Amino acid sequence: MNDMNMIFERRSVRKFKDEDVKDKDLTKMIEAAIEAPSAKNLQNWHFVILKNRDMIARLEQIVLEKNEELSQFLNGEQKEKFVKFSKYATIFKNAPVTVLVYAGNYNPTGLDLVRKSGDLKTAEIIEKAAPGIHGVAAAIQNFMLAASSLGYGTCWMTSPNYAIKEIESFIGLEKEGYHLVAITPLGVPEYIGKRPPRKSIDEVVTIIK
């Protein structure tokens, strides 16, 4: 139980082999995901597993079309950079499975009372912390770690979110109050890159005694 290798060995994967993801392995990943903690134990997550290649191709096209639409508001180098970035926002097309993660609504503790008190600044800070997303993020991490331990690759993606309205309409998830927050491709890695550098512990930790 002290083996943390899967945490340190996980990588973001962007190239995949043309191999199926076994259903039994998918079940294990979801089982790991739903063991994540969540505020008030609401378990406010929902995973859409997309295995239909035609739908994945259409999903890619939706993101590309939105990229082209938005790029009209840019000029020169900025426009070129945004259009070029579309290849990173559509890497899910390279995998046999695309996983879309939705989050349900969450009302932070005390938020309504803070609003009633007239302290809108504090209310804004509470909302900015987005506590309802914390558990969903933990579930995504569990899913990815489980995938890695089973020999699969994933990549946490939020870059396609500028097309979130169009994606949600296309997927058509009928689950009231839920909205798309992240996407990950899923498949057997064709190539695993080097571990990107991490900030030092001193940079990210403050100890108060």
# chains A, B, ... in the order shown; residues from 1 in each chain; ligands from 1
$ select_by_dssp --residues "segment 19-118 of chain A" --states "strand (DSSP E or B)" --output "ChimeraX atom specification"
/A:45-50,97-103
$ residues_around --residues "segment 24-26 of chain A" --least-positions-apart "5" --cutoff "12 Å" --atoms "only C-alpha atoms" --output "ChimeraX atom specification"
/A:31-33,47-51,97-99,143-144,146-152,186-188
$ write_last_selection --atoms "C-alpha atoms" --output "PDB file, in the first residue's frame"
ATOM      1  CA  GLU A  31     -14.378   2.368  -9.959  1.00  0.00           C
ATOM      2  CA  ALA A  32     -11.163   4.155  -8.993  1.00  0.00           C
ATOM      3  CA  ALA A  33     -12.588   7.530 -10.057  1.00  0.00           C
ATOM      4  CA  PHE A  47     -18.257  10.382 -17.082  1.00  0.00           C
ATOM      5  CA  VAL A  48     -19.257  10.063 -20.729  1.00  0.00           C
ATOM      6  CA  ILE A  49     -17.214   7.341 -22.448  1.00  0.00           C
ATOM      7  CA  LEU A  50     -17.140   8.021 -26.180  1.00  0.00           C
ATOM      8  CA  LYS A  51     -15.968   5.054 -28.274  1.00  0.00           C
ATOM      9  CA  VAL A  97     -11.677   6.492 -26.580  1.00  0.00           C
ATOM     10  CA  THR A  98     -12.556  10.035 -25.541  1.00  0.00           C
ATOM     11  CA  VAL A  99     -13.724  10.587 -21.974  1.00  0.00           C
ATOM     12  CA  PHE A 143      -9.223   7.808 -13.248  1.00  0.00           C
ATOM     13  CA  MET A 144      -5.910   8.789 -14.826  1.00  0.00           C
ATOM     14  CA  ALA A 146      -5.835   3.873 -12.611  1.00  0.00           C
ATOM     15  CA  ALA A 147      -5.477   4.107 -16.400  1.00  0.00           C
ATOM     16  CA  SER A 148      -1.715   4.464 -16.078  1.00  0.00           C
ATOM     17  CA  SER A 149      -1.470   1.491 -13.718  1.00  0.00           C
ATOM     18  CA  LEU A 150      -3.350  -0.618 -16.301  1.00  0.00           C
ATOM     19  CA  GLY A 151      -1.007   0.363 -19.136  1.00  0.00           C
ATOM     20  CA  TYR A 152      -3.093   3.121 -20.713  1.00  0.00           C
ATOM     21  CA  LEU A 186      -7.701   7.232 -23.493  1.00  0.00           C
ATOM     22  CA  GLY A 187      -5.735   4.473 -25.147  1.00  0.00           C
ATOM     23  CA  VAL A 188      -2.556   2.428 -25.245  1.00  0.00           C
TER      24      VAL A 188
END
$ closest_atom_pairs --of "segment 13-39 of chain A" --to "segment 192-204 of chain A" --cutoff "12 Å" --atoms "only C-alpha atoms" --output "tab-separated table"
residue	atom	partner	partner_atom	distance
A:Val13	CA	A:Ile192	CA	6.1
A:Arg14	CA	A:Ile192	CA	8.2
A:Lys15	CA	A:Ile192	CA	8.0
A:Phe16	CA	A:Ile192	CA	9.4
A:Lys17	CA	A:Ile192	CA	11.5
$ residues_around --residues "segment 77-87 of chain A" --least-positions-apart "5" --cutoff "12 Å" --atoms "only C-alpha atoms" --output "list in words"
Arg14, Glu60, Gln61, Ile62, Val63, Leu64, Glu65, Lys66, Asn67, Glu68, Glu69, Leu70, Ser71, Gln72, Phe92, Lys93, Asn94, Ser159, Pro160, Asn161, Tyr162 and Ala163 of chain A
$ closest_residue --among "A:Asp112, A:His134, A:Val181, A:Met157" --to "Pro37 of chain A" --atoms "only C-alpha atoms"
A:His134
$ atom_distance --atom1 "atom CA of Ala137 of chain A" --atom2 "atom CA of Glu19 of chain A"
27.0 Å
$ residues_around --residues "Gln141 of chain A" --least-positions-apart "6" --cutoff "12 Å" --atoms "only C-alpha atoms" --output "PDB file with C-alpha atoms, in the first residue's frame"
ATOM      1  CA  MET A   6       2.007   5.025 -10.417  1.00  0.00           C
ATOM      2  CA  ILE A   7       1.897   8.655  -9.244  1.00  0.00           C
ATOM      3  CA  ARG A  10       2.051   8.795 -14.947  1.00  0.00           C
ATOM      4  CA  ARG A  11       2.589  10.962 -18.034  1.00  0.00           C
ATOM      5  CA  SER A  12       0.366  13.031 -20.302  1.00  0.00           C
ATOM      6  CA  MET A  29     -10.863   3.124 -13.996  1.00  0.00           C
ATOM      7  CA  ILE A  30     -14.377   4.326 -13.206  1.00  0.00           C
ATOM      8  CA  ALA A  32     -11.163   4.155  -8.993  1.00  0.00           C
ATOM      9  CA  ALA A  33     -12.588   7.530 -10.057  1.00  0.00           C
ATOM     10  CA  ILE A  34     -15.701   7.288  -7.924  1.00  0.00           C
ATOM     11  CA  GLU A  35     -13.645   6.538  -4.813  1.00  0.00           C
ATOM     12  CA  ALA A  36     -12.514  10.177  -4.856  1.00  0.00           C
ATOM     13  CA  PRO A  37     -13.586  12.483  -2.029  1.00  0.00           C
ATOM     14  CA  VAL A 101     -16.115  14.626 -17.553  1.00  0.00           C
ATOM     15  CA  HIS A 134     -12.550  19.866  -6.256  1.00  0.00           C
ATOM     16  CA  GLY A 135     -14.097  16.409  -6.005  1.00  0.00           C
ATOM     17  CA  ALA A 147      -5.477   4.107 -16.400  1.00  0.00           C
ATOM     18  CA  SER A 148      -1.715   4.464 -16.078  1.00  0.00           C
ATOM     19  CA  THR A 154      -4.461   9.908 -20.769  1.00  0.00           C
ATOM     20  CA  CYS A 155      -4.088  13.662 -21.029  1.00  0.00           C
ATOM     21  CA  TRP A 156      -5.981  16.190 -18.912  1.00  0.00           C
ATOM     22  CA  ALA A 182     -12.655  18.408 -18.888  1.00  0.00           C
ATOM     23  CA  THR A 184      -9.197  13.152 -21.789  1.00  0.00           C
TER      24      THR A 184
END
$ select_by_dssp --residues "segment 51-152 of chain A" --states "helix (DSSP H, G or I)" --output "PyMOL selection string"
chain A and resi 53-71+76-89+91-94+111-116+120-128+131-149
$ closest_residue --among "A:Asp119, A:Ala89, A:Lys175, A:Glu127" --to "Thr158 of chain A" --atoms "only C-alpha atoms"
A:Ala89
